[in-house]
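Text of model_4.txt (compact mmCIF, C-alpha atoms) as supplied:
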```
# COMPACT_ATOMS: atom_id res chain seq x y z
CA MET P 59 -10.82 -73.31 -10.78
CA ARG P 60 -8.38 -72.71 -7.95
CA ARG P 61 -6.12 -70.85 -10.41
CA HIS P 62 -8.91 -68.43 -11.15
CA ILE P 63 -9.46 -67.76 -7.48
CA VAL P 64 -5.76 -67.02 -7.04
CA LEU P 65 -5.71 -64.76 -10.09
CA VAL P 66 -8.83 -62.84 -9.07
CA SER P 67 -7.61 -62.36 -5.51
CA ILE P 68 -4.22 -61.05 -6.72
CA VAL P 69 -5.88 -58.59 -9.10
CA LEU P 70 -8.36 -57.47 -6.43
CA SER P 71 -5.77 -56.98 -3.69
CA VAL P 72 -3.32 -55.10 -5.95
CA SER P 73 -6.13 -52.85 -7.17
CA ALA P 74 -7.34 -52.22 -3.63
CA LEU P 75 -3.82 -51.33 -2.46
CA ALA P 76 -3.23 -49.06 -5.48
CA TYR P 77 -6.55 -47.30 -4.88
CA ALA P 78 -5.92 -46.93 -1.15
CA THR P 79 -2.42 -45.51 -1.55
CA THR P 80 -3.29 -43.23 -4.46
CA TYR P 81 -6.71 -41.82 -3.50
CA LEU P 82 -7.39 -42.58 0.17
CA GLY P 83 -4.03 -41.42 1.55
CA ALA P 84 -3.25 -44.79 3.14
CA LEU P 85 0.42 -43.86 3.54
CA GLY P 86 -0.48 -40.87 5.70
CA PRO P 87 -0.04 -37.24 4.79
CA LEU P 88 3.03 -36.40 2.72
CA GLY P 89 5.44 -34.07 4.48
CA PHE P 90 4.88 -30.95 2.45
CA ASP P 91 5.79 -28.68 5.36
CA THR P 92 9.48 -27.90 5.13
CA ARG P 93 10.95 -27.30 8.55
CA LEU P 94 12.48 -23.93 9.33
CA LEU P 95 15.98 -25.42 9.66
CA ALA P 96 15.76 -26.98 6.18
CA LYS P 97 14.40 -23.72 4.77
CA LEU P 98 17.37 -21.80 6.17
CA PHE P 99 19.85 -24.14 4.50
CA LEU P 100 17.92 -24.14 1.24
CA VAL P 101 17.71 -20.36 1.20
CA TYR P 102 21.34 -19.70 2.04
CA ALA P 103 23.20 -22.56 0.28
CA TYR P 104 23.20 -20.67 -3.01
CA ASN P 105 22.16 -17.06 -2.62
CA PRO P 106 24.19 -14.32 -4.37
CA GLY P 107 21.72 -11.85 -2.83
CA ALA P 108 23.02 -12.57 0.68
CA PRO P 109 26.78 -12.82 0.02
CA GLU P 110 27.89 -12.80 3.66
CA LEU P 111 25.59 -15.73 4.51
CA THR P 112 25.80 -17.95 1.44
CA VAL P 113 28.11 -20.79 0.42
CA MET P 114 27.52 -20.23 -3.32
CA SER P 115 26.82 -23.91 -3.93
CA PRO P 116 23.40 -25.19 -5.07
CA GLU P 117 24.17 -28.54 -3.38
CA ALA P 118 22.81 -28.00 0.13
CA VAL P 119 24.45 -31.12 1.59
CA THR P 120 27.94 -30.18 0.38
CA SER P 121 27.31 -26.62 1.60
CA ILE P 122 26.58 -27.98 5.05
CA VAL P 123 29.41 -30.51 5.03
CA TRP P 124 32.21 -28.23 3.84
CA ASP P 125 31.07 -24.79 5.01
CA PHE P 126 28.20 -24.47 7.52
CA ARG P 127 29.77 -27.29 9.59
CA GLY P 128 33.08 -27.40 7.76
CA VAL P 129 35.26 -27.80 10.86
CA ASP P 130 33.30 -30.91 11.79
CA THR P 131 34.13 -32.47 8.40
CA LEU P 132 37.74 -31.42 8.82
CA TYR P 133 37.91 -33.35 12.09
CA GLU P 134 36.21 -36.36 10.49
CA THR P 135 38.94 -36.31 7.85
CA VAL P 136 41.55 -36.18 10.61
CA VAL P 137 39.92 -39.14 12.39
CA PHE P 138 40.05 -41.15 9.16
CA TYR P 139 43.67 -40.08 8.73
CA MET P 140 44.52 -41.25 12.25
CA ALA P 141 42.79 -44.60 11.67
CA ILE P 142 45.00 -45.20 8.64
CA VAL P 143 48.08 -44.13 10.57
CA ALA P 144 47.14 -46.72 13.22
CA ALA P 145 46.72 -49.43 10.58
CA LEU P 146 50.08 -48.56 9.05
CA ALA P 147 51.65 -48.70 12.52
CA ILE P 148 50.23 -52.16 13.22
CA TYR P 149 51.42 -53.50 9.86
CA ARG P 150 54.77 -51.67 9.94
CA GLY P 151 57.59 -53.44 8.18
CA ILE P 152 55.31 -56.06 6.64
CA GLY P 153 55.62 -56.23 2.91
CA TYR P 154 54.14 -58.19 0.06
CA SER P 155 55.83 -61.50 -0.57
CA SER P 156 55.26 -63.32 -3.83
CA SER P 157 57.14 -66.39 -2.74
CA GLY P 158 55.46 -69.69 -3.45
CA VAL P 159 52.19 -68.31 -4.83
CA ARG P 160 51.10 -67.73 -8.39
CA GLY P 161 48.32 -65.22 -7.71
CA ALA P 162 45.92 -66.64 -10.27
CA GLY P 163 42.90 -64.53 -9.38
CA LEU P 164 39.39 -65.44 -10.51
CA SER P 165 38.35 -66.95 -13.85
CA LEU P 166 39.12 -65.41 -17.25
CA ILE P 167 35.51 -64.21 -17.53
CA VAL P 168 35.64 -62.19 -14.31
CA ARG P 169 39.11 -60.83 -15.07
CA VAL P 170 38.27 -59.57 -18.56
CA VAL P 171 34.98 -57.99 -17.46
CA THR P 172 36.70 -56.34 -14.49
CA LYS P 173 39.54 -54.89 -16.51
CA ILE P 174 36.96 -53.18 -18.76
CA LEU P 175 34.99 -51.95 -15.73
CA ILE P 176 37.95 -50.39 -13.89
CA PRO P 177 38.50 -47.45 -16.33
CA MET P 178 34.72 -46.81 -16.23
CA ASN P 179 34.84 -46.89 -12.43
CA VAL P 180 37.58 -44.24 -12.46
CA ALA P 181 35.50 -42.03 -14.80
CA ILE P 182 32.47 -42.26 -12.49
CA ALA P 183 34.53 -41.56 -9.35
CA VAL P 184 36.08 -38.44 -10.90
CA SER P 185 32.66 -37.27 -12.05
CA ILE P 186 31.28 -37.61 -8.50
CA ALA P 187 34.25 -35.64 -7.13
CA ALA P 188 34.19 -32.90 -9.78
CA HIS P 189 30.44 -32.31 -9.31
CA GLY P 190 30.43 -32.41 -5.52
CA HIS P 191 29.50 -28.73 -5.32
CA LEU P 192 26.72 -29.12 -7.93
CA THR P 193 25.03 -32.49 -7.43
CA PRO P 194 24.81 -35.07 -4.62
CA GLY P 195 28.17 -36.71 -3.99
CA GLY P 196 31.49 -35.11 -3.20
CA GLY P 197 34.99 -36.04 -2.16
CA PHE P 198 34.24 -38.81 0.32
CA GLN P 199 31.68 -40.55 -1.89
CA ALA P 200 33.97 -40.29 -4.90
CA GLY P 201 36.88 -41.63 -2.85
CA ALA P 202 34.81 -44.61 -1.75
CA ALA P 203 33.87 -45.23 -5.41
CA LEU P 204 37.51 -45.16 -6.52
CA ALA P 205 38.59 -47.36 -3.60
CA VAL P 206 36.45 -50.12 -5.14
CA VAL P 207 39.26 -50.47 -7.68
CA SER P 208 41.65 -51.66 -4.96
CA VAL P 209 39.17 -54.31 -3.79
CA LEU P 210 38.58 -55.45 -7.37
CA LEU P 211 42.32 -55.72 -7.97
CA ALA P 212 42.88 -57.73 -4.79
CA VAL P 213 39.90 -60.08 -5.23
CA VAL P 214 39.77 -60.51 -9.01
CA PHE P 215 43.47 -60.36 -9.94
CA SER P 216 45.02 -61.33 -6.56
CA ALA P 217 46.87 -59.08 -4.14
CA LEU P 218 50.05 -59.62 -6.10
CA SER P 219 48.61 -57.50 -8.92
CA PHE P 220 49.30 -54.32 -6.91
CA GLY P 221 53.03 -54.83 -7.38
CA LYS P 222 52.68 -55.67 -11.08
CA LEU P 223 50.66 -52.49 -11.69
CA GLY P 224 53.10 -50.28 -9.76
CA VAL P 225 50.59 -49.60 -6.97
CA SER P 226 52.62 -49.60 -3.77
CA LEU P 227 51.79 -48.74 -0.18
CA ALA P 228 54.34 -45.90 -0.28
CA ARG P 229 52.69 -44.35 -3.35
CA ALA P 230 49.20 -44.69 -1.92
CA VAL P 231 50.36 -43.05 1.33
CA ALA P 232 52.03 -40.25 -0.65
CA LEU P 233 48.90 -39.53 -2.72
CA ARG P 234 46.72 -39.60 0.40
CA SER P 235 49.11 -37.18 2.12
CA ALA P 236 49.03 -34.88 -0.92
CA GLY P 237 45.24 -34.75 -0.58
CA LEU P 238 45.45 -33.97 3.13
CA LEU P 239 48.07 -31.26 2.59
CA THR P 240 45.85 -29.65 -0.05
CA ILE P 241 42.95 -29.63 2.42
CA ALA P 242 45.23 -28.00 5.02
CA ALA P 243 46.39 -25.41 2.48
CA VAL P 244 42.81 -24.50 1.52
CA VAL P 245 41.80 -24.29 5.20
CA LEU P 246 44.74 -22.08 6.15
CA ALA P 247 44.88 -19.93 2.98
CA PRO P 248 42.42 -17.19 4.11
CA VAL P 249 44.25 -16.82 7.44
CA ALA P 250 47.66 -16.69 5.77
CA PHE P 251 46.39 -14.21 3.19
CA GLY P 252 44.86 -12.15 5.97
CA VAL P 253 48.08 -12.08 7.97
CA ALA P 254 50.07 -11.09 4.87
CA THR P 255 47.73 -8.27 3.83
CA GLY P 256 46.36 -7.12 7.18
CA ILE P 257 42.78 -8.04 6.18
CA ARG P 258 40.83 -10.22 8.59
CA GLY P 259 40.49 -13.82 7.34
CA PHE P 260 39.02 -16.93 8.97
CA LEU P 261 39.95 -20.62 8.98
CA MET P 262 38.05 -22.47 6.20
CA GLN P 263 36.61 -19.18 4.97
CA ASN P 264 34.83 -19.77 1.69
CA TYR P 265 33.07 -16.53 0.79
CA VAL P 266 32.82 -12.97 2.08
CA LYS P 267 31.73 -12.43 5.70
CA LEU P 268 30.24 -9.34 7.35
CA ASP P 269 33.67 -8.42 8.75
CA SER P 270 35.91 -9.95 6.09
CA PRO P 271 35.96 -9.29 2.33
CA LEU P 272 38.10 -12.36 1.50
CA ALA P 273 36.56 -14.92 -0.86
CA PHE P 274 37.70 -17.84 -3.00
CA PRO P 275 36.70 -17.43 -6.66
CA THR P 276 33.17 -18.77 -7.14
CA HIS P 277 33.25 -18.88 -10.93
CA VAL P 278 35.93 -19.66 -13.51
CA SER P 279 35.00 -18.43 -17.00
CA GLY P 280 31.30 -18.72 -16.19
CA GLN P 281 31.51 -22.18 -14.57
CA LEU P 282 30.36 -22.28 -10.94
CA ILE P 283 33.12 -23.78 -8.78
CA SER P 284 31.73 -22.61 -5.41
CA GLY P 285 34.89 -21.23 -3.82
CA THR P 286 36.63 -23.68 -1.51
CA LEU P 287 34.16 -26.50 -2.11
CA ILE P 288 35.63 -27.77 -5.39
CA TRP P 289 39.18 -27.78 -3.96
CA LEU P 290 38.13 -29.45 -0.71
CA ASN P 291 36.13 -32.07 -2.62
CA LEU P 292 38.98 -32.87 -5.02
CA ALA P 293 41.53 -33.02 -2.18
CA GLU P 294 39.22 -35.17 -0.05
CA PHE P 295 38.75 -37.43 -3.08
CA PHE P 296 42.50 -38.11 -3.13
CA ALA P 297 42.82 -38.40 0.65
CA VAL P 298 39.89 -40.83 1.00
CA SER P 299 40.44 -42.98 -2.08
CA PHE P 300 44.13 -43.58 -1.39
CA GLY P 301 43.45 -43.89 2.33
CA PHE P 302 41.10 -46.74 1.46
CA PHE P 303 43.71 -48.10 -0.96
CA VAL P 304 46.15 -48.32 1.98
CA ILE P 305 43.58 -50.10 4.16
CA PHE P 306 42.48 -52.59 1.50
CA MET P 307 46.07 -53.31 0.50
CA LEU P 308 46.93 -54.04 4.13
CA LEU P 309 43.81 -56.21 4.56
CA SER P 310 44.69 -58.24 1.46
CA LEU P 311 48.09 -59.21 2.86
CA ARG P 312 48.47 -62.95 3.30
CA GLU P 313 47.82 -64.05 6.85
CA ASP P 314 50.81 -66.39 7.03
CA VAL P 315 53.16 -63.60 5.90
CA VAL P 316 51.79 -61.20 8.50
CA ARG P 317 51.92 -63.81 11.28
CA GLU P 318 55.44 -64.78 10.40
CA GLN P 319 56.72 -61.21 10.43
CA LEU P 320 54.78 -60.20 13.56
CA GLY P 321 56.04 -63.38 15.25
CA GLU P 322 59.63 -62.45 14.55
CA GLU P 323 59.06 -59.09 16.12
CA HIS P 324 57.59 -60.61 19.29
CA GLU P 325 60.56 -62.90 19.73
CA HIS P 326 63.12 -60.10 19.75
CA MET Y 260 48.81 -43.59 -30.92
CA ARG Y 261 45.77 -45.51 -32.21
CA ARG Y 262 46.17 -47.93 -29.30
CA TYR Y 263 44.94 -45.23 -26.90
CA VAL Y 264 41.79 -44.24 -28.81
CA PRO Y 265 39.33 -46.98 -27.73
CA VAL Y 266 39.89 -46.62 -23.97
CA ALA Y 267 39.89 -42.82 -24.22
CA VAL Y 268 36.56 -42.86 -26.07
CA LEU Y 269 35.08 -45.29 -23.51
CA VAL Y 270 36.20 -43.22 -20.50
CA PHE Y 271 35.08 -39.93 -22.07
CA ALA Y 272 31.67 -41.38 -22.95
CA VAL Y 273 31.14 -42.84 -19.47
CA TYR Y 274 32.20 -39.56 -17.84
CA ILE Y 275 29.86 -37.43 -19.99
CA VAL Y 276 26.88 -39.80 -19.71
CA PHE Y 277 27.29 -40.24 -15.95
CA SER Y 278 27.73 -36.49 -15.43
CA GLY Y 279 24.74 -35.77 -17.67
CA SER Y 280 26.32 -32.56 -18.87
CA VAL Y 281 28.21 -31.25 -21.90
CA SER Y 282 29.31 -27.96 -20.35
CA PRO Y 283 32.86 -26.80 -21.21
CA TYR Y 284 33.85 -27.73 -17.63
CA ASP Y 285 32.84 -31.35 -18.17
CA LEU Y 286 34.25 -31.56 -21.69
CA VAL Y 287 37.66 -30.39 -20.39
CA ILE Y 288 37.72 -32.66 -17.32
CA GLY Y 289 36.36 -35.59 -19.35
CA ALA Y 290 39.02 -35.12 -22.04
CA LEU Y 291 41.88 -34.85 -19.52
CA LEU Y 292 40.61 -37.91 -17.67
CA ALA Y 293 40.19 -39.87 -20.91
CA VAL Y 294 43.79 -39.14 -21.92
CA GLY Y 295 45.16 -40.00 -18.47
CA VAL Y 296 43.24 -43.25 -17.98
CA SER Y 297 43.89 -44.34 -21.55
CA LEU Y 298 47.65 -43.82 -21.17
CA ALA Y 299 47.63 -45.95 -18.01
CA ALA Y 300 45.14 -48.68 -18.97
CA SER Y 301 45.37 -49.20 -22.75
CA ARG Y 302 48.19 -51.73 -22.59
CA TYR Y 303 46.02 -54.02 -20.51
CA LEU Y 304 42.92 -53.60 -22.65
CA VAL Y 305 44.09 -53.19 -26.26
CA ARG Y 306 46.27 -55.84 -27.83
CA ASP Y 307 45.73 -55.07 -31.52
CA PRO Y 308 45.05 -51.36 -32.23
CA SER Y 309 44.03 -52.00 -35.85
CA LYS Y 310 41.23 -54.30 -34.67
CA ALA Y 311 40.24 -52.05 -31.76
CA CYS Y 312 39.86 -48.98 -34.03
CA SER Y 313 38.12 -50.81 -36.89
CA ILE Y 314 34.79 -49.18 -37.75
CA GLY Y 315 33.65 -52.38 -39.46
CA ARG Y 316 34.24 -54.44 -36.32
CA PHE Y 317 32.49 -51.83 -34.18
CA ALA Y 318 29.50 -51.88 -36.55
CA ARG Y 319 29.38 -55.68 -36.28
CA LEU Y 320 29.48 -55.36 -32.46
CA VAL Y 321 26.50 -52.97 -32.52
CA TRP Y 322 24.72 -55.34 -34.91
CA TYR Y 323 25.48 -58.26 -32.58
CA ALA Y 324 24.11 -56.31 -29.60
CA LEU Y 325 20.88 -55.62 -31.51
CA TYR Y 326 20.64 -59.25 -32.62
CA TYR Y 327 21.39 -60.52 -29.12
CA LEU Y 328 18.98 -58.22 -27.26
CA THR Y 329 16.10 -58.94 -29.65
CA VAL Y 330 16.31 -62.24 -31.55
CA ALA Y 331 18.54 -64.34 -29.26
CA GLU Y 332 16.89 -63.17 -26.06
CA PHE Y 333 13.42 -63.67 -27.55
CA ARG Y 334 14.17 -67.25 -28.59
CA ALA Y 335 15.62 -68.15 -25.19
CA HIS Y 336 12.79 -66.46 -23.31
CA ARG Y 337 10.15 -68.22 -25.41
CA LYS Y 338 11.61 -71.61 -24.49
CA VAL Y 339 11.85 -70.86 -20.77
CA ILE Y 340 8.42 -69.21 -20.62
CA GLY Y 341 7.05 -72.35 -22.26
CA ILE Y 342 8.63 -74.46 -19.50
CA ILE Y 343 7.33 -72.17 -16.74
CA LEU Y 344 3.77 -72.06 -18.05
CA SER Y 345 3.38 -75.76 -18.80
CA ARG Y 346 1.84 -77.91 -16.06
CA ASP Y 347 4.27 -80.84 -16.12
CA MET Y 348 7.54 -78.82 -15.89
CA PRO Y 349 9.40 -80.34 -18.88
CA VAL Y 350 12.96 -79.75 -17.60
CA ARG Y 351 15.98 -81.93 -18.26
CA PRO Y 352 18.69 -80.10 -16.31
CA ALA Y 353 22.34 -80.98 -16.83
CA ILE Y 354 25.78 -79.44 -16.68
CA VAL Y 355 27.37 -80.04 -20.06
CA ARG Y 356 30.84 -79.52 -21.52
CA VAL Y 357 30.83 -76.97 -24.33
CA PRO Y 358 34.12 -76.68 -26.25
CA TYR Y 359 34.91 -73.22 -27.61
CA ARG Y 360 37.02 -72.56 -30.68
CA ALA Y 361 37.77 -68.86 -30.22
CA ARG Y 362 41.29 -67.79 -29.25
CA GLY Y 363 40.80 -64.14 -28.30
CA GLU Y 364 39.83 -63.53 -24.69
CA TYR Y 365 37.20 -60.93 -25.64
CA THR Y 366 35.45 -63.48 -27.91
CA VAL Y 367 35.54 -66.14 -25.20
CA VAL Y 368 34.24 -63.82 -22.47
CA ALA Y 369 31.56 -62.23 -24.66
CA SER Y 370 30.38 -65.72 -25.69
CA ALA Y 371 30.28 -66.86 -22.06
CA ASN Y 372 28.32 -63.79 -21.00
CA SER Y 373 25.94 -64.18 -23.95
CA ILE Y 374 25.22 -67.74 -22.81
CA THR Y 375 24.74 -66.71 -19.18
CA ASN Y 376 22.50 -63.73 -19.95
CA THR Y 377 20.05 -65.77 -21.99
CA PRO Y 378 17.60 -67.63 -19.75
CA GLY Y 379 17.95 -71.40 -19.64
CA THR Y 380 21.73 -71.58 -19.85
CA VAL Y 381 24.41 -70.47 -17.35
CA VAL Y 382 28.18 -70.79 -17.70
CA VAL Y 383 29.19 -72.12 -14.30
CA ASP Y 384 32.92 -72.58 -14.99
CA ILE Y 385 35.57 -72.18 -17.64
CA ASP Y 386 38.62 -74.32 -18.30
CA THR Y 387 41.01 -72.24 -20.39
CA ASP Y 388 43.58 -75.07 -20.66
CA LYS Y 389 41.05 -77.40 -22.34
CA SER Y 390 39.03 -74.57 -24.00
CA LEU Y 391 35.82 -75.69 -22.31
CA PHE Y 392 32.80 -73.99 -20.81
CA TYR Y 393 30.80 -75.91 -18.23
CA VAL Y 394 27.23 -74.84 -18.88
CA HIS Y 395 24.13 -75.54 -16.80
CA TRP Y 396 21.39 -76.23 -19.31
CA ILE Y 397 17.77 -76.30 -18.16
CA TYR Y 398 16.65 -78.56 -21.01
CA ALA Y 399 19.64 -80.51 -22.25
CA GLU Y 400 18.99 -81.64 -25.84
CA GLY Y 401 22.01 -83.91 -25.55
CA LEU Y 402 24.97 -84.45 -23.29
CA ASP Y 403 27.78 -84.81 -25.82
CA PRO Y 404 29.97 -81.71 -26.32
CA GLU Y 405 29.17 -81.34 -30.04
CA THR Y 406 25.39 -81.24 -29.54
CA ALA Y 407 25.89 -78.76 -26.73
CA TYR Y 408 28.16 -76.63 -28.92
CA GLU Y 409 25.68 -76.59 -31.80
CA ASN Y 410 22.74 -75.68 -29.56
CA ILE Y 411 24.32 -73.30 -27.05
CA LEU Y 412 27.46 -71.67 -28.36
CA LYS Y 413 27.87 -71.89 -32.14
CA ASP Y 414 25.60 -68.99 -33.06
CA PHE Y 415 27.13 -66.58 -30.53
CA GLU Y 416 30.72 -67.57 -31.17
CA THR Y 417 30.46 -67.31 -34.94
CA ARG Y 418 28.98 -63.83 -34.76
CA LEU Y 419 31.40 -62.64 -32.04
CA SER Y 420 34.41 -64.00 -33.94
CA ARG Y 421 33.62 -61.52 -36.70
CA VAL Y 422 33.85 -58.75 -34.08
CA PHE Y 423 36.87 -59.73 -32.01
CA GLU Y 424 38.95 -62.47 -33.70
```
Written as structure tokens, that's how I'd like the structure from this file.
Amino acid sequence: MRRHIVLVSIVLSVSALAYATTYLGALGPLGFDTRLLAKLFLVYAYNPGAPELTVMSPEAVTSIVWDFRGVDTLYETVVFYMAIVAALAIYRGIGYSSSGVRGAGLSLIVRVVTKILIPMNVAIAVSIAAHGHLTPGGGFQAGAALAVVSVLLAVVFSALSFGKLGVSLARAVALRSAGLLTIAAVVLAPVAFGVATGIRGFLMQNYVKLDSPLAFPTHVSGQLISGTLIWLNLAEFFAVSFGFFVIFMLLSLREDVVREQLGEEHEH
Amino acid sequence: MRRYVPVAVLVFAVYIVFSGSVSPYDLVIGALLAVGVSLAASRYLVRDPSKACSIGRFARLVWYALYYLTVAEFRAHRKVIGIILSRDMPVRPAIVRVPYRARGEYTVVASANSITNTPGTVVVDIDTDKSLFYVHWIYAEGLDPETAYENILKDFETRLSRVFE
């Protein structure tokens, strides 16, 4: 008998909630009014009809992040860069030591599943980066997705696996720097081109402006690449993913090794 | 050469499915990525190229997946649903030793995951030196390793051996 009461009350309450949310507007009015600010971004993100105002990318968020407020993102990238420089400075001279440990990692089951997942993880990260100007995502998100690989390596296969796979701090720093240099090159290219040709060009200029005809190519054989956005996304992908690699590699250093080497430094 | 095919196909398929696009742009990037990742990762993933590229083995893997997702899952669910719905909770939980015969790591791991993903049994640990799974069994039919093997592992391992061994 009590079961029936429970059953009936569940059915009744779920039905009442479904009815209230669907027909009585219990969740309040849906926000159908788009604010003017949002409308402006939506109208101008991809708009070949207004070339001096548009970004030529249908992804409004990436348009904002790398063009409308591009300099802000540039400084965010620099802040991230400085944070990694600081981490490298703190850990300077401390290397991986494989003495006395086997580096067994987790069980066979976790290791085999993870080694199949890592190539898939790389494919997904590259897809997020390569579509940053078309769909939600972009360089930072893709970099964070790829950085998962470094955590998986450290946790599942042990931190010693970096050395066995040829992933070194120096290489990660080099790849991150290559990404940052590419960003700098893309940012400075319109200015350099302008100086060389006598045409006015702006820092981070993506597409034509009222007083400047310079523009990065928006299409390559019919494929939309949205000017600077694809290059900035791909470069940011490298800078962020290998920046995170550096951080996670440093964090996975053995505490006793770090203490020992820091201790030596304090004594001198 | 054949060693690189399986990983390349996997990476290309994941890239295309995740991107949700077959535009020339994605086909080119997907192909380049597949080649690059396969060159780097194949030596860790593919030990025997003739097995990895065998159409027959792949067909048996697809057949196993169909069998597992329908028949094996249905059987396991029916047992556990029976336990949940009955009033007196007929459980006899135990962690049992289940010896595995397979040598290949893909067979061992696929067997372990098959056991874990069916309700009622969970592989809680593996001892590769003694070739043992430690399995939590919600209704232990018996505690000796052979009974456990017959009831929990034999069916999966036999079928997966035809795929991977």
(message) I'd like the interatomic distance between atom CA of Y:Ile342 and atom CA of Y:Thr377, to a tenth of an Å.
(response)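 About the pair atom CA of Y:Ile342 and atom CA of Y:Thr377: they are 14.6 Å apart.
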(request) Return as number ranges by chain the residues belonging to chain Y that are within 9 Å of chain P, counting all atoms listed in the file. (result) Y: 266, 269-271, 273-275, 277-278, 282-285, 288-289, 292-293, 296-297, 300, 303-304, 364-365, 367-369, 371-372, 384-387
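Pairwise distance (atom CA of P:Val64, atom CA of Y:Pro349) equals 23.4 Å.
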(message) Can you pull out the residues contacting P:Ser121? Cut-off 9 Å, using all atoms listed in the file, and skip same-chain residues under 3 positions away; I want them as a PyMOL selection string.
(response) chain P and resi 99+103-104+112-118+124-128+191+287
(request) Have a look at atom CA of P:Thr79 and atom CA of P:Leu65 and let me know their distance in Å, one decimal. (result)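 Separating atom CA of P:Thr79 from atom CA of P:Leu65 is a distance of 21.3 Å.
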(message) Taking 5 positions as the minimum chain separation for residues in the same chain, which residues sit within 10 Å of stretch 267-274 of chain P when counting only C-alpha atoms? Answer as a ChimeraX atom specification.
(response) /P:109-112,244,247-249,251-252,257-260,283-287
For the residues in that selection, give me C-alpha atoms as a PDB file, keeping the file's coordinate frame.
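Produced file again-v8.pdb, reproduced below:
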```
ATOM      1  CA  PRO P 109      26.780 -12.820   0.020  1.00  0.00           C
ATOM      2  CA  GLU P 110      27.890 -12.800   3.660  1.00  0.00           C
ATOM      3  CA  LEU P 111      25.590 -15.730   4.510  1.00  0.00           C
ATOM      4  CA  THR P 112      25.800 -17.950   1.440  1.00  0.00           C
ATOM      5  CA  VAL P 244      42.810 -24.500   1.520  1.00  0.00           C
ATOM      6  CA  ALA P 247      44.880 -19.930   2.980  1.00  0.00           C
ATOM      7  CA  PRO P 248      42.420 -17.190   4.110  1.00  0.00           C
ATOM      8  CA  VAL P 249      44.250 -16.820   7.440  1.00  0.00           C
ATOM      9  CA  PHE P 251      46.390 -14.210   3.190  1.00  0.00           C
ATOM     10  CA  GLY P 252      44.860 -12.150   5.970  1.00  0.00           C
ATOM     11  CA  ILE P 257      42.780  -8.040   6.180  1.00  0.00           C
ATOM     12  CA  ARG P 258      40.830 -10.220   8.590  1.00  0.00           C
ATOM     13  CA  GLY P 259      40.490 -13.820   7.340  1.00  0.00           C
ATOM     14  CA  PHE P 260      39.020 -16.930   8.970  1.00  0.00           C
ATOM     15  CA  ILE P 283      33.120 -23.780  -8.780  1.00  0.00           C
ATOM     16  CA  SER P 284      31.730 -22.610  -5.410  1.00  0.00           C
ATOM     17  CA  GLY P 285      34.890 -21.230  -3.820  1.00  0.00           C
ATOM     18  CA  THR P 286      36.630 -23.680  -1.510  1.00  0.00           C
ATOM     19  CA  LEU P 287      34.160 -26.500  -2.110  1.00  0.00           C
TER      20      LEU P 287
END
```
(request) Would you list the contacts of stretch 397-410 of chain Y as number ranges by chain, taking every protein, DNA or RNA residue within 8 Å and counting all atoms listed in the file, but skipping same-chain residues closer than 5 positions in sequence? (result) Y: 349-353, 355-359, 379-380
Test item: axis-aligned box, all listed atoms of stretch 328-333 of chain Y, 3 Å on each side, centre and edges in Å rounded to one decimal, as AutoDock Vina command-line options:
```
--center_x 16.2 --center_y -61.3 --center_z -28.8 --size_x 11.6 --size_y 12.1 --size_z 11.5
```
(request) Taking (42.7, -45.5, 5.1) in the file's own coordinates, collect the residues within 7 Å, counting all atoms listed in the file, and hand them back as a count of residues only. (result) 11
